[in-house]
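Have a look at the structure below before the remarks.
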Amino acid sequence: MTIYDLTLAELRDRLDRRELSAAEVTGAYLERIAATNPQLNSFITVCAETATVEAEAADRAIAAGETAPLTGLPIAVKDIFNTAGLRTTCGSRILGNYISPYDATAIGRIKAQKAVILGKLNMDEFAMGSSNENSAFGAVRNPWELSRVPGGSSGGSAACVAARQAAAALGTDTGGSIRQPAAYCSVVGLKPTYGRVSRYGVVAYASSLDQVGPLARDVRDCALMLQAVAGYDPADSTSVDTAAPDYQAGLTGNIKGLRIGLPREYFIDGLDDDVRRAVEQATATYRDLGAEIVEVSLPHTAYAVACYYLIATAEASSNLARYDGVRYGLRAEQAENLIDMYMQSRAAGFGTEVKRRIMLGTYALSSGYYDAYYLKAQKVRTLIRQDFLDAFEKVDVLLTPVAPTPAFALGEKVNDPLQMYLSDIYTIPVNLAGTCAMSLPCGFSADSLPIGLQLIGKPFDEAAILSAAYAFEQATEWHKRQPEI
Ligand code: GLN
């Protein structure tokens with residue numbers, strides 16, 4: 001077994017017993033990245049120098065007996081997190097050379113534990129996309145099948161963890177961006193409840209939906225990462241001041257009597273046969289483990305995609321107004337006057353999908369249309385949230401597919417944005433409801449592409465989905481398969 005095959009928990013053990021040093025682990029990962037990144041393109045920035053310095057500091061901390069759970073562990077982060085001294089592009093030309101003067105809170109927290117940050121991961125521009133093809137730094141390839149997309153927008157994060165280029169990663173999820181790529185690449189990904197993890201220092205896409213979360217190789221590692229970043233932050237007014245429980249303590253494997261709901265509206269036409277079969281099989285596994293399976297209804301599901309693409313684009317059009325070429329980011333040099341400079345900077349700096357969304361969002365918010373679109377969407381959002389709260393009166397967790405199909409081919413949907421948007425049908429409602437959900441490996445299609453299972457939990461009950469996911473993982477082998485790269 002090579003160093004980069006070890007999980008976070010296994011690495012922790014080896015580091016604590018001095019069988020490995022953080023410097024050795026980091027060195028092995030940097031070699032692995034150098035060997036595989038030309039094929040995958042999962043990193044936008046590899047920070048070999050700072051990682052090496054951080055690894056040495058971690059080794060000193062371990063030697064001094066000052067070890068935190070993530071000390072010396074090799075992590076990579078989506079290029080949406082501000083990192084002091086290291087460029088943060090958000091997958092966009094407009095931030096191509098942007099260096100933040102401060103760390104995002106999530107970054108500060110893993111740095112405080114002396115984790116080693118290997119680099120910044122590729123993503124759809126401003127996290128807008130489901131395939132990672134909207135990146136100004138080129139598409140990422142799926143390590144299971146290089147002609148396929150890794151999913152998006154945290155495509156680099158999922159591909160990197162699946163290809164063992166980092167032991168775990170941090171991503172963000174506004175409408176599925178952690179869970180869908182996790183499913184396409186066969187890794188574990190968790191979107192916490194809105195408010196569980198600070199968004200401070202995370203480049204904003206749709207602020208009422210954005211949430212930070214981990215991608216990891218197994219459920220225990222996912223719990224470890226969540227623990228590191230969860231918790232109140234006075235710098236994010238939407239972060240909630242309730243203490244995070246001990247997530248690892250809940251991983252017992254015992255889920256007897258757990259009530260699992262299957263939302264009727266999620267098992268519909270358009271759901272790929274292989275995905276349906278894998279999810280049904282997972283349901284049978286849960287029944288064998290002693291869970292009680294109940295059918296439930298989320299009646300407003302059909303409106304979720306439309307509702308999301310009004311709210312997310314409206315918020316994006318407002319958030320992205322700050323990229324004007326004045327304060328930071330790309331500036332057009334040949335402009336005749338101020339307005340011309342704004343227009344040229346934005347025209348040159350933003351990609352097609354980002355421009356499309358700014359236009360959609362601006363339209364939805366414009367006077368005369370606001371009530372018909374944005375306000376209506378907010379009302380529908382409340383109904384969708386209420387659907388979940390009603391379902392959680394009857395069950396503890398919900399079990400659904402993550403995406404209607406396995407990873408699609410590169411180029412397949414680039415010219416059909418609506419098809420791309422529809423692939424988020426199972427993940428988007430969770431963000432609108434503001435609750436937590438995770439994706440975990442549950443099988444492979446006939447042509448050997450990974451399939452993910454989604455577990456949705458009650459608000460702030462990440463512990464319940466982690467516990468249910470752990471029991472499934474103990475009973476199955478899917479998470480042990482690795483791509484050949
Ligand atoms: N695919 C969805 C979108 O394009 C979700 C992206 C995300 O979660 N950041 O908006």
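Following the order of the structure tokens, first chain is A, next is B, and so on, with residues numbered from 1 inside each chain and ligands from 1 in the order they appear.
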
Practice prompt. List all protein, DNA and RNA residues that have at least one atom no more than 8 Å from any atom of ligand 1, counting only C-alpha atoms and all ligand atoms, and write them as number ranges by chain.
Written response: A: 126-131, 152-154, 172-178, 205, 210, 309, 312, 420-421, 423-424, 428

Per DSSP on the backbone, what are the helix (DSSP H, G or I) residues of stretch 170-361 of chain A, as a PDB file with N, CA and C atoms, in the first residue's frame?
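See part-v7.pdb below for the written result:
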```pdb
ATOM      1  N   ARG A 179     -22.253  17.193  -3.653  1.00  0.00           N
ATOM      2  CA  ARG A 179     -22.843  15.847  -3.728  1.00  0.00           C
ATOM      3  C   ARG A 179     -22.802  15.245  -5.126  1.00  0.00           C
ATOM      4  N   GLN A 180     -23.100  16.040  -6.166  1.00  0.00           N
ATOM      5  CA  GLN A 180     -23.138  15.476  -7.514  1.00  0.00           C
ATOM      6  C   GLN A 180     -21.741  15.064  -7.991  1.00  0.00           C
ATOM      7  N   PRO A 181     -20.708  15.898  -7.846  1.00  0.00           N
ATOM      8  CA  PRO A 181     -19.370  15.411  -8.219  1.00  0.00           C
ATOM      9  C   PRO A 181     -18.893  14.242  -7.343  1.00  0.00           C
ATOM     10  N   ALA A 182     -19.268  14.252  -6.070  1.00  0.00           N
ATOM     11  CA  ALA A 182     -18.899  13.113  -5.208  1.00  0.00           C
ATOM     12  C   ALA A 182     -19.490  11.837  -5.790  1.00  0.00           C
ATOM     13  N   ALA A 183     -20.747  11.911  -6.237  1.00  0.00           N
ATOM     14  CA  ALA A 183     -21.404  10.730  -6.812  1.00  0.00           C
ATOM     15  C   ALA A 183     -20.719  10.302  -8.110  1.00  0.00           C
ATOM     16  N   TYR A 184     -20.397  11.274  -8.957  1.00  0.00           N
ATOM     17  CA  TYR A 184     -19.790  10.948 -10.254  1.00  0.00           C
ATOM     18  C   TYR A 184     -18.381  10.364 -10.109  1.00  0.00           C
ATOM     19  N   CYS A 185     -17.718  10.670  -9.002  1.00  0.00           N
ATOM     20  CA  CYS A 185     -16.336  10.215  -8.815  1.00  0.00           C
ATOM     21  C   CYS A 185     -16.201   9.162  -7.713  1.00  0.00           C
ATOM     22  N   VAL A 219     -16.628   7.659   5.196  1.00  0.00           N
ATOM     23  CA  VAL A 219     -17.518   8.424   6.066  1.00  0.00           C
ATOM     24  C   VAL A 219     -16.778   8.951   7.293  1.00  0.00           C
ATOM     25  N   ARG A 220     -15.870   8.161   7.847  1.00  0.00           N
ATOM     26  CA  ARG A 220     -15.132   8.616   9.023  1.00  0.00           C
ATOM     27  C   ARG A 220     -14.307   9.867   8.687  1.00  0.00           C
ATOM     28  N   ASP A 221     -13.630   9.826   7.561  1.00  0.00           N
ATOM     29  CA  ASP A 221     -12.835  10.991   7.148  1.00  0.00           C
ATOM     30  C   ASP A 221     -13.725  12.214   6.915  1.00  0.00           C
ATOM     31  N   CYS A 222     -14.894  11.955   6.385  1.00  0.00           N
ATOM     32  CA  CYS A 222     -15.844  13.041   6.120  1.00  0.00           C
ATOM     33  C   CYS A 222     -16.260  13.681   7.454  1.00  0.00           C
ATOM     34  N   ALA A 223     -16.496  12.850   8.455  1.00  0.00           N
ATOM     35  CA  ALA A 223     -16.865  13.344   9.788  1.00  0.00           C
ATOM     36  C   ALA A 223     -15.728  14.168  10.397  1.00  0.00           C
ATOM     37  N   LEU A 224     -14.528  13.677  10.207  1.00  0.00           N
ATOM     38  CA  LEU A 224     -13.339  14.356  10.735  1.00  0.00           C
ATOM     39  C   LEU A 224     -13.194  15.761  10.125  1.00  0.00           C
ATOM     40  N   MET A 225     -13.403  15.838   8.831  1.00  0.00           N
ATOM     41  CA  MET A 225     -13.296  17.124   8.131  1.00  0.00           C
ATOM     42  C   MET A 225     -14.421  18.074   8.546  1.00  0.00           C
ATOM     43  N   LEU A 226     -15.631  17.531   8.656  1.00  0.00           N
ATOM     44  CA  LEU A 226     -16.756  18.384   9.054  1.00  0.00           C
ATOM     45  C   LEU A 226     -16.500  18.960  10.443  1.00  0.00           C
ATOM     46  N   GLN A 227     -16.008  18.097  11.333  1.00  0.00           N
ATOM     47  CA  GLN A 227     -15.719  18.537  12.699  1.00  0.00           C
ATOM     48  C   GLN A 227     -14.766  19.735  12.700  1.00  0.00           C
ATOM     49  N   ALA A 228     -13.791  19.680  11.805  1.00  0.00           N
ATOM     50  CA  ALA A 228     -12.775  20.740  11.780  1.00  0.00           C
ATOM     51  C   ALA A 228     -13.353  22.094  11.371  1.00  0.00           C
ATOM     52  N   VAL A 229     -14.328  22.088  10.474  1.00  0.00           N
ATOM     53  CA  VAL A 229     -14.812  23.375   9.947  1.00  0.00           C
ATOM     54  C   VAL A 229     -16.145  23.830  10.542  1.00  0.00           C
ATOM     55  N   GLN A 248     -17.708  11.798  15.100  1.00  0.00           N
ATOM     56  CA  GLN A 248     -17.156  10.436  15.036  1.00  0.00           C
ATOM     57  C   GLN A 248     -17.797   9.515  16.077  1.00  0.00           C
ATOM     58  N   ALA A 249     -18.199  10.097  17.205  1.00  0.00           N
ATOM     59  CA  ALA A 249     -18.778   9.280  18.278  1.00  0.00           C
ATOM     60  C   ALA A 249     -20.048   8.564  17.813  1.00  0.00           C
ATOM     61  N   GLY A 250     -20.745   9.188  16.856  1.00  0.00           N
ATOM     62  CA  GLY A 250     -22.002   8.599  16.389  1.00  0.00           C
ATOM     63  C   GLY A 250     -21.821   7.479  15.368  1.00  0.00           C
ATOM     64  N   ARG A 264     -41.508   9.722  -2.943  1.00  0.00           N
ATOM     65  CA  ARG A 264     -42.158   9.192  -4.151  1.00  0.00           C
ATOM     66  C   ARG A 264     -41.745   9.991  -5.396  1.00  0.00           C
ATOM     67  N   GLU A 265     -41.718  11.313  -5.275  1.00  0.00           N
ATOM     68  CA  GLU A 265     -41.467  12.183  -6.434  1.00  0.00           C
ATOM     69  C   GLU A 265     -40.044  12.058  -6.982  1.00  0.00           C
ATOM     70  N   TYR A 266     -39.161  11.352  -6.291  1.00  0.00           N
ATOM     71  CA  TYR A 266     -37.771  11.249  -6.748  1.00  0.00           C
ATOM     72  C   TYR A 266     -37.532  10.017  -7.613  1.00  0.00           C
ATOM     73  N   ASP A 273     -31.843   3.524 -15.434  1.00  0.00           N
ATOM     74  CA  ASP A 273     -32.125   2.190 -14.869  1.00  0.00           C
ATOM     75  C   ASP A 273     -31.048   1.715 -13.910  1.00  0.00           C
ATOM     76  N   ASP A 274     -29.794   1.944 -14.278  1.00  0.00           N
ATOM     77  CA  ASP A 274     -28.699   1.494 -13.407  1.00  0.00           C
ATOM     78  C   ASP A 274     -28.727   2.236 -12.065  1.00  0.00           C
ATOM     79  N   VAL A 275     -29.032   3.530 -12.131  1.00  0.00           N
ATOM     80  CA  VAL A 275     -29.093   4.330 -10.902  1.00  0.00           C
ATOM     81  C   VAL A 275     -30.256   3.833 -10.047  1.00  0.00           C
ATOM     82  N   ARG A 276     -31.398   3.605 -10.681  1.00  0.00           N
ATOM     83  CA  ARG A 276     -32.570   3.121  -9.955  1.00  0.00           C
ATOM     84  C   ARG A 276     -32.249   1.795  -9.250  1.00  0.00           C
ATOM     85  N   ARG A 277     -31.620   0.900  -9.998  1.00  0.00           N
ATOM     86  CA  ARG A 277     -31.292  -0.412  -9.442  1.00  0.00           C
ATOM     87  C   ARG A 277     -30.341  -0.283  -8.237  1.00  0.00           C
ATOM     88  N   ALA A 278     -29.325   0.535  -8.396  1.00  0.00           N
ATOM     89  CA  ALA A 278     -28.342   0.692  -7.301  1.00  0.00           C
ATOM     90  C   ALA A 278     -29.006   1.273  -6.055  1.00  0.00           C
ATOM     91  N   VAL A 279     -29.886   2.249  -6.256  1.00  0.00           N
ATOM     92  CA  VAL A 279     -30.550   2.883  -5.108  1.00  0.00           C
ATOM     93  C   VAL A 279     -31.530   1.899  -4.459  1.00  0.00           C
ATOM     94  N   GLU A 280     -32.190   1.081  -5.284  1.00  0.00           N
ATOM     95  CA  GLU A 280     -33.097   0.072  -4.712  1.00  0.00           C
ATOM     96  C   GLU A 280     -32.322  -0.958  -3.897  1.00  0.00           C
ATOM     97  N   GLN A 281     -31.154  -1.316  -4.435  1.00  0.00           N
ATOM     98  CA  GLN A 281     -30.319  -2.270  -3.722  1.00  0.00           C
ATOM     99  C   GLN A 281     -29.855  -1.686  -2.374  1.00  0.00           C
ATOM    100  N   ALA A 282     -29.507  -0.413  -2.404  1.00  0.00           N
ATOM    101  CA  ALA A 282     -29.082   0.253  -1.165  1.00  0.00           C
ATOM    102  C   ALA A 282     -30.230   0.255  -0.152  1.00  0.00           C
ATOM    103  N   THR A 283     -31.447   0.457  -0.655  1.00  0.00           N
ATOM    104  CA  THR A 283     -32.620   0.433   0.226  1.00  0.00           C
ATOM    105  C   THR A 283     -32.752  -0.945   0.881  1.00  0.00           C
ATOM    106  N   ALA A 284     -32.527  -1.988   0.079  1.00  0.00           N
ATOM    107  CA  ALA A 284     -32.609  -3.362   0.607  1.00  0.00           C
ATOM    108  C   ALA A 284     -31.528  -3.578   1.674  1.00  0.00           C
ATOM    109  N   THR A 285     -30.341  -3.030   1.445  1.00  0.00           N
ATOM    110  CA  THR A 285     -29.258  -3.154   2.433  1.00  0.00           C
ATOM    111  C   THR A 285     -29.692  -2.515   3.750  1.00  0.00           C
ATOM    112  N   TYR A 286     -30.303  -1.334   3.648  1.00  0.00           N
ATOM    113  CA  TYR A 286     -30.765  -0.658   4.865  1.00  0.00           C
ATOM    114  C   TYR A 286     -31.844  -1.473   5.596  1.00  0.00           C
ATOM    115  N   ARG A 287     -32.717  -2.115   4.812  1.00  0.00           N
ATOM    116  CA  ARG A 287     -33.757  -2.937   5.436  1.00  0.00           C
ATOM    117  C   ARG A 287     -33.085  -4.080   6.210  1.00  0.00           C
ATOM    118  N   ASP A 288     -32.075  -4.705   5.558  1.00  0.00           N
ATOM    119  CA  ASP A 288     -31.351  -5.797   6.217  1.00  0.00           C
ATOM    120  C   ASP A 288     -30.659  -5.329   7.501  1.00  0.00           C
ATOM    121  N   THR A 301     -41.638  19.108  -5.338  1.00  0.00           N
ATOM    122  CA  THR A 301     -40.362  18.789  -5.980  1.00  0.00           C
ATOM    123  C   THR A 301     -40.272  19.313  -7.416  1.00  0.00           C
ATOM    124  N   ALA A 302     -41.350  19.209  -8.146  1.00  0.00           N
ATOM    125  CA  ALA A 302     -41.317  19.568  -9.572  1.00  0.00           C
ATOM    126  C   ALA A 302     -40.969  21.047  -9.793  1.00  0.00           C
ATOM    127  N   TYR A 303     -41.170  21.883  -8.763  1.00  0.00           N
ATOM    128  CA  TYR A 303     -40.908  23.315  -8.925  1.00  0.00           C
ATOM    129  C   TYR A 303     -39.503  23.726  -8.499  1.00  0.00           C
ATOM    130  N   ALA A 304     -38.747  22.757  -7.970  1.00  0.00           N
ATOM    131  CA  ALA A 304     -37.474  23.115  -7.329  1.00  0.00           C
ATOM    132  C   ALA A 304     -36.453  23.700  -8.308  1.00  0.00           C
ATOM    133  N   VAL A 305     -36.306  23.095  -9.479  1.00  0.00           N
ATOM    134  CA  VAL A 305     -35.277  23.561 -10.406  1.00  0.00           C
ATOM    135  C   VAL A 305     -35.599  24.986 -10.869  1.00  0.00           C
ATOM    136  N   ALA A 306     -36.849  25.236 -11.210  1.00  0.00           N
ATOM    137  CA  ALA A 306     -37.241  26.586 -11.654  1.00  0.00           C
ATOM    138  C   ALA A 306     -37.037  27.602 -10.529  1.00  0.00           C
ATOM    139  N   CYS A 307     -37.433  27.216  -9.341  1.00  0.00           N
ATOM    140  CA  CYS A 307     -37.318  28.098  -8.175  1.00  0.00           C
ATOM    141  C   CYS A 307     -35.841  28.419  -7.909  1.00  0.00           C
ATOM    142  N   TYR A 308     -35.007  27.383  -7.947  1.00  0.00           N
ATOM    143  CA  TYR A 308     -33.577  27.568  -7.705  1.00  0.00           C
ATOM    144  C   TYR A 308     -32.952  28.494  -8.739  1.00  0.00           C
ATOM    145  N   TYR A 309     -33.278  28.295 -10.009  1.00  0.00           N
ATOM    146  CA  TYR A 309     -32.618  29.096 -11.049  1.00  0.00           C
ATOM    147  C   TYR A 309     -33.127  30.538 -11.097  1.00  0.00           C
ATOM    148  N   LEU A 310     -34.186  30.840 -10.372  1.00  0.00           N
ATOM    149  CA  LEU A 310     -34.548  32.245 -10.169  1.00  0.00           C
ATOM    150  C   LEU A 310     -33.785  32.823  -8.979  1.00  0.00           C
ATOM    151  N   ILE A 311     -33.822  32.115  -7.865  1.00  0.00           N
ATOM    152  CA  ILE A 311     -33.183  32.647  -6.648  1.00  0.00           C
ATOM    153  C   ILE A 311     -31.661  32.706  -6.800  1.00  0.00           C
ATOM    154  N   ALA A 312     -31.081  31.620  -7.299  1.00  0.00           N
ATOM    155  CA  ALA A 312     -29.615  31.569  -7.403  1.00  0.00           C
ATOM    156  C   ALA A 312     -29.111  32.628  -8.386  1.00  0.00           C
ATOM    157  N   THR A 313     -29.792  32.783  -9.516  1.00  0.00           N
ATOM    158  CA  THR A 313     -29.309  33.768 -10.484  1.00  0.00           C
ATOM    159  C   THR A 313     -29.535  35.197  -9.976  1.00  0.00           C
ATOM    160  N   ALA A 314     -30.645  35.422  -9.274  1.00  0.00           N
ATOM    161  CA  ALA A 314     -30.907  36.758  -8.719  1.00  0.00           C
ATOM    162  C   ALA A 314     -29.799  37.132  -7.736  1.00  0.00           C
ATOM    163  N   GLU A 315     -29.487  36.212  -6.843  1.00  0.00           N
ATOM    164  CA  GLU A 315     -28.439  36.499  -5.851  1.00  0.00           C
ATOM    165  C   GLU A 315     -27.078  36.641  -6.529  1.00  0.00           C
ATOM    166  N   ALA A 316     -26.840  35.828  -7.552  1.00  0.00           N
ATOM    167  CA  ALA A 316     -25.558  35.894  -8.255  1.00  0.00           C
ATOM    168  C   ALA A 316     -25.409  37.237  -8.962  1.00  0.00           C
ATOM    169  N   SER A 317     -26.488  37.720  -9.578  1.00  0.00           N
ATOM    170  CA  SER A 317     -26.373  38.979 -10.331  1.00  0.00           C
ATOM    171  C   SER A 317     -25.996  40.107  -9.380  1.00  0.00           C
ATOM    172  N   SER A 318     -26.499  40.020  -8.156  1.00  0.00           N
ATOM    173  CA  SER A 318     -26.171  41.037  -7.166  1.00  0.00           C
ATOM    174  C   SER A 318     -24.751  40.830  -6.623  1.00  0.00           C
ATOM    175  N   ASN A 319     -24.403  39.593  -6.261  1.00  0.00           N
ATOM    176  CA  ASN A 319     -23.060  39.319  -5.729  1.00  0.00           C
ATOM    177  C   ASN A 319     -21.952  39.648  -6.725  1.00  0.00           C
ATOM    178  N   LEU A 320     -22.205  39.392  -8.003  1.00  0.00           N
ATOM    179  CA  LEU A 320     -21.143  39.562  -8.989  1.00  0.00           C
ATOM    180  C   LEU A 320     -21.003  41.004  -9.489  1.00  0.00           C
ATOM    181  N   ALA A 321     -21.875  41.880  -8.978  1.00  0.00           N
ATOM    182  CA  ALA A 321     -21.760  43.297  -9.348  1.00  0.00           C
ATOM    183  C   ALA A 321     -20.434  43.886  -8.866  1.00  0.00           C
ATOM    184  N   ARG A 322     -19.843  43.258  -7.855  1.00  0.00           N
ATOM    185  CA  ARG A 322     -18.596  43.804  -7.280  1.00  0.00           C
ATOM    186  C   ARG A 322     -17.407  43.679  -8.231  1.00  0.00           C
ATOM    187  N   LEU A 338     -15.293  55.561 -17.649  1.00  0.00           N
ATOM    188  CA  LEU A 338     -15.557  54.638 -16.544  1.00  0.00           C
ATOM    189  C   LEU A 338     -16.544  53.519 -16.921  1.00  0.00           C
ATOM    190  N   ILE A 339     -17.675  53.906 -17.533  1.00  0.00           N
ATOM    191  CA  ILE A 339     -18.702  52.915 -17.893  1.00  0.00           C
ATOM    192  C   ILE A 339     -18.105  51.910 -18.880  1.00  0.00           C
ATOM    193  N   ASP A 340     -17.365  52.419 -19.803  1.00  0.00           N
ATOM    194  CA  ASP A 340     -16.730  51.565 -20.806  1.00  0.00           C
ATOM    195  C   ASP A 340     -15.746  50.597 -20.128  1.00  0.00           C
ATOM    196  N   MET A 341     -15.072  51.082 -19.110  1.00  0.00           N
ATOM    197  CA  MET A 341     -14.125  50.229 -18.390  1.00  0.00           C
ATOM    198  C   MET A 341     -14.857  49.093 -17.660  1.00  0.00           C
ATOM    199  N   TYR A 342     -15.993  49.443 -17.014  1.00  0.00           N
ATOM    200  CA  TYR A 342     -16.803  48.386 -16.370  1.00  0.00           C
ATOM    201  C   TYR A 342     -17.193  47.337 -17.407  1.00  0.00           C
ATOM    202  N   MET A 343     -17.725  47.826 -18.515  1.00  0.00           N
ATOM    203  CA  MET A 343     -18.287  46.904 -19.503  1.00  0.00           C
ATOM    204  C   MET A 343     -17.212  46.024 -20.116  1.00  0.00           C
ATOM    205  N   GLN A 344     -16.113  46.654 -20.463  1.00  0.00           N
ATOM    206  CA  GLN A 344     -15.039  45.857 -21.084  1.00  0.00           C
ATOM    207  C   GLN A 344     -14.432  44.863 -20.100  1.00  0.00           C
ATOM    208  N   SER A 345     -14.276  45.271 -18.840  1.00  0.00           N
ATOM    209  CA  SER A 345     -13.681  44.365 -17.851  1.00  0.00           C
ATOM    210  C   SER A 345     -14.577  43.154 -17.652  1.00  0.00           C
ATOM    211  N   ARG A 346     -15.874  43.415 -17.535  1.00  0.00           N
ATOM    212  CA  ARG A 346     -16.804  42.306 -17.300  1.00  0.00           C
ATOM    213  C   ARG A 346     -16.955  41.431 -18.543  1.00  0.00           C
ATOM    214  N   ALA A 347     -16.954  42.073 -19.715  1.00  0.00           N
ATOM    215  CA  ALA A 347     -17.076  41.302 -20.957  1.00  0.00           C
ATOM    216  C   ALA A 347     -15.881  40.362 -21.126  1.00  0.00           C
ATOM    217  N   ALA A 348     -14.699  40.868 -20.773  1.00  0.00           N
ATOM    218  CA  ALA A 348     -13.491  40.052 -20.960  1.00  0.00           C
ATOM    219  C   ALA A 348     -13.300  39.062 -19.812  1.00  0.00           C
ATOM    220  N   GLY A 349     -13.797  39.409 -18.621  1.00  0.00           N
ATOM    221  CA  GLY A 349     -13.486  38.606 -17.438  1.00  0.00           C
ATOM    222  C   GLY A 349     -14.420  37.445 -17.184  1.00  0.00           C
ATOM    223  N   THR A 352     -19.252  32.561 -20.563  1.00  0.00           N
ATOM    224  CA  THR A 352     -20.612  32.558 -21.115  1.00  0.00           C
ATOM    225  C   THR A 352     -21.688  32.222 -20.077  1.00  0.00           C
ATOM    226  N   GLU A 353     -21.457  31.175 -19.287  1.00  0.00           N
ATOM    227  CA  GLU A 353     -22.502  30.763 -18.338  1.00  0.00           C
ATOM    228  C   GLU A 353     -22.715  31.826 -17.273  1.00  0.00           C
ATOM    229  N   VAL A 354     -21.638  32.429 -16.815  1.00  0.00           N
ATOM    230  CA  VAL A 354     -21.752  33.468 -15.793  1.00  0.00           C
ATOM    231  C   VAL A 354     -22.540  34.659 -16.360  1.00  0.00           C
ATOM    232  N   LYS A 355     -22.246  35.021 -17.601  1.00  0.00           N
ATOM    233  CA  LYS A 355     -22.984  36.139 -18.222  1.00  0.00           C
ATOM    234  C   LYS A 355     -24.463  35.772 -18.354  1.00  0.00           C
ATOM    235  N   ARG A 356     -24.731  34.541 -18.751  1.00  0.00           N
ATOM    236  CA  ARG A 356     -26.129  34.105 -18.896  1.00  0.00           C
ATOM    237  C   ARG A 356     -26.851  34.264 -17.562  1.00  0.00           C
ATOM    238  N   ARG A 357     -26.202  33.850 -16.497  1.00  0.00           N
ATOM    239  CA  ARG A 357     -26.870  33.896 -15.189  1.00  0.00           C
ATOM    240  C   ARG A 357     -27.036  35.321 -14.667  1.00  0.00           C
ATOM    241  N   ILE A 358     -26.066  36.172 -14.952  1.00  0.00           N
ATOM    242  CA  ILE A 358     -26.216  37.569 -14.537  1.00  0.00           C
ATOM    243  C   ILE A 358     -27.433  38.177 -15.256  1.00  0.00           C
ATOM    244  N   MET A 359     -27.583  37.838 -16.521  1.00  0.00           N
ATOM    245  CA  MET A 359     -28.727  38.386 -17.271  1.00  0.00           C
ATOM    246  C   MET A 359     -30.047  37.826 -16.743  1.00  0.00           C
ATOM    247  N   LEU A 360     -30.096  36.511 -16.497  1.00  0.00           N
ATOM    248  CA  LEU A 360     -31.320  35.902 -15.963  1.00  0.00           C
ATOM    249  C   LEU A 360     -31.681  36.519 -14.615  1.00  0.00           C
ATOM    250  N   GLY A 361     -30.672  36.657 -13.765  1.00  0.00           N
ATOM    251  CA  GLY A 361     -30.917  37.167 -12.418  1.00  0.00           C
ATOM    252  C   GLY A 361     -31.317  38.626 -12.416  1.00  0.00           C
TER     253      GLY A 361
END
```

Find the spatial neighbours of A:Asp79, counting only C-alpha atoms, within a cut-off of 8 Å - ignore same-chain residues fewer than 4 positions away - and output them as a JSON list (two decimals) with N, CA, C and O atoms, in the first residue's frame.
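Output file part-v1.json follows:
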```json
[["chain", "number", "residue", "atom", "x", "y", "z"],
["A", 44, "ILE", "N", -5.92, 23.98, -9.99],
["A", 44, "ILE", "CA", -5.60, 25.23, -10.67],
["A", 44, "ILE", "C", -4.24, 25.71, -10.17],
["A", 44, "ILE", "O", -3.42, 26.19, -10.94],
["A", 88, "THR", "N", -6.59, 33.10, -5.54],
["A", 88, "THR", "CA", -7.94, 32.53, -5.47],
["A", 88, "THR", "C", -8.67, 32.98, -6.73],
["A", 88, "THR", "O", -9.03, 34.15, -6.85],
["A", 89, "THR", "N", -8.86, 32.05, -7.67],
["A", 89, "THR", "CA", -9.42, 32.44, -8.97],
["A", 89, "THR", "C", -10.92, 32.25, -9.08],
["A", 89, "THR", "O", -11.56, 32.83, -9.95],
["A", 90, "CYS", "N", -11.48, 31.35, -8.26],
["A", 90, "CYS", "CA", -12.89, 30.97, -8.38],
["A", 90, "CYS", "C", -13.20, 30.46, -9.80],
["A", 90, "CYS", "O", -14.33, 30.56, -10.28],
["A", 91, "GLY", "N", -12.19, 29.94, -10.47],
["A", 91, "GLY", "CA", -12.40, 29.38, -11.81],
["A", 91, "GLY", "C", -12.65, 30.42, -12.88],
["A", 91, "GLY", "O", -13.10, 30.10, -13.98],
["A", 120, "LYS", "N", -5.08, 24.49, -4.74],
["A", 120, "LYS", "CA", -6.41, 25.02, -4.98],
["A", 120, "LYS", "C", -7.02, 24.30, -6.18],
["A", 120, "LYS", "O", -6.41, 24.19, -7.24],
["A", 121, "LEU", "N", -8.25, 23.84, -5.99],
["A", 121, "LEU", "CA", -8.84, 22.92, -6.96],
["A", 121, "LEU", "C", -9.75, 23.58, -7.98],
["A", 121, "LEU", "O", -10.48, 24.53, -7.68],
["A", 122, "ASN", "N", -9.71, 23.00, -9.16],
["A", 122, "ASN", "CA", -10.49, 23.49, -10.29],
["A", 122, "ASN", "C", -11.99, 23.41, -10.00],
["A", 122, "ASN", "O", -12.43, 22.60, -9.18],
["A", 123, "MET", "N", -12.75, 24.23, -10.69],
["A", 123, "MET", "CA", -14.19, 24.35, -10.43],
["A", 123, "MET", "C", -14.85, 25.08, -11.58],
["A", 123, "MET", "O", -14.19, 25.77, -12.35]]
```

Discussion item. Give me, as a ChimeraX atom specification, all polymer residues having an atom no more than 7 Å from A:Arg93, counting only C-alpha atoms and skipping those fewer than 3 positions away in the same chain.
Written reply: /A:96,136,349-350

Just N, CA, C and O atoms for this one: save the residues we selected as a compact mmCIF listing (two decimals), in the first residue's frame.
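Dumped everything to out20.txt:
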```txt
# COMPACT_ATOMS: atom_id res chain seq x y z
N GLY A 96 -8.31 35.92 -12.15
CA GLY A 96 -7.15 35.11 -12.55
C GLY A 96 -5.88 35.37 -11.75
O GLY A 96 -5.09 34.46 -11.52
N ALA A 136 -12.52 28.69 -16.40
CA ALA A 136 -11.60 29.41 -17.28
C ALA A 136 -10.25 28.69 -17.37
O ALA A 136 -9.41 29.04 -18.19
N GLY A 349 -13.80 39.41 -18.62
CA GLY A 349 -13.49 38.61 -17.44
C GLY A 349 -14.42 37.44 -17.18
O GLY A 349 -14.01 36.42 -16.64
N PHE A 350 -15.70 37.58 -17.55
CA PHE A 350 -16.67 36.53 -17.27
C PHE A 350 -16.85 35.59 -18.46
O PHE A 350 -16.83 36.01 -19.61
```

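Across A:Ala139, A:Ala291, A:Arg259, A:Ala104, the tightest approach to A:Ala204 is made by A:Ala104 when counting only C-alpha atoms.
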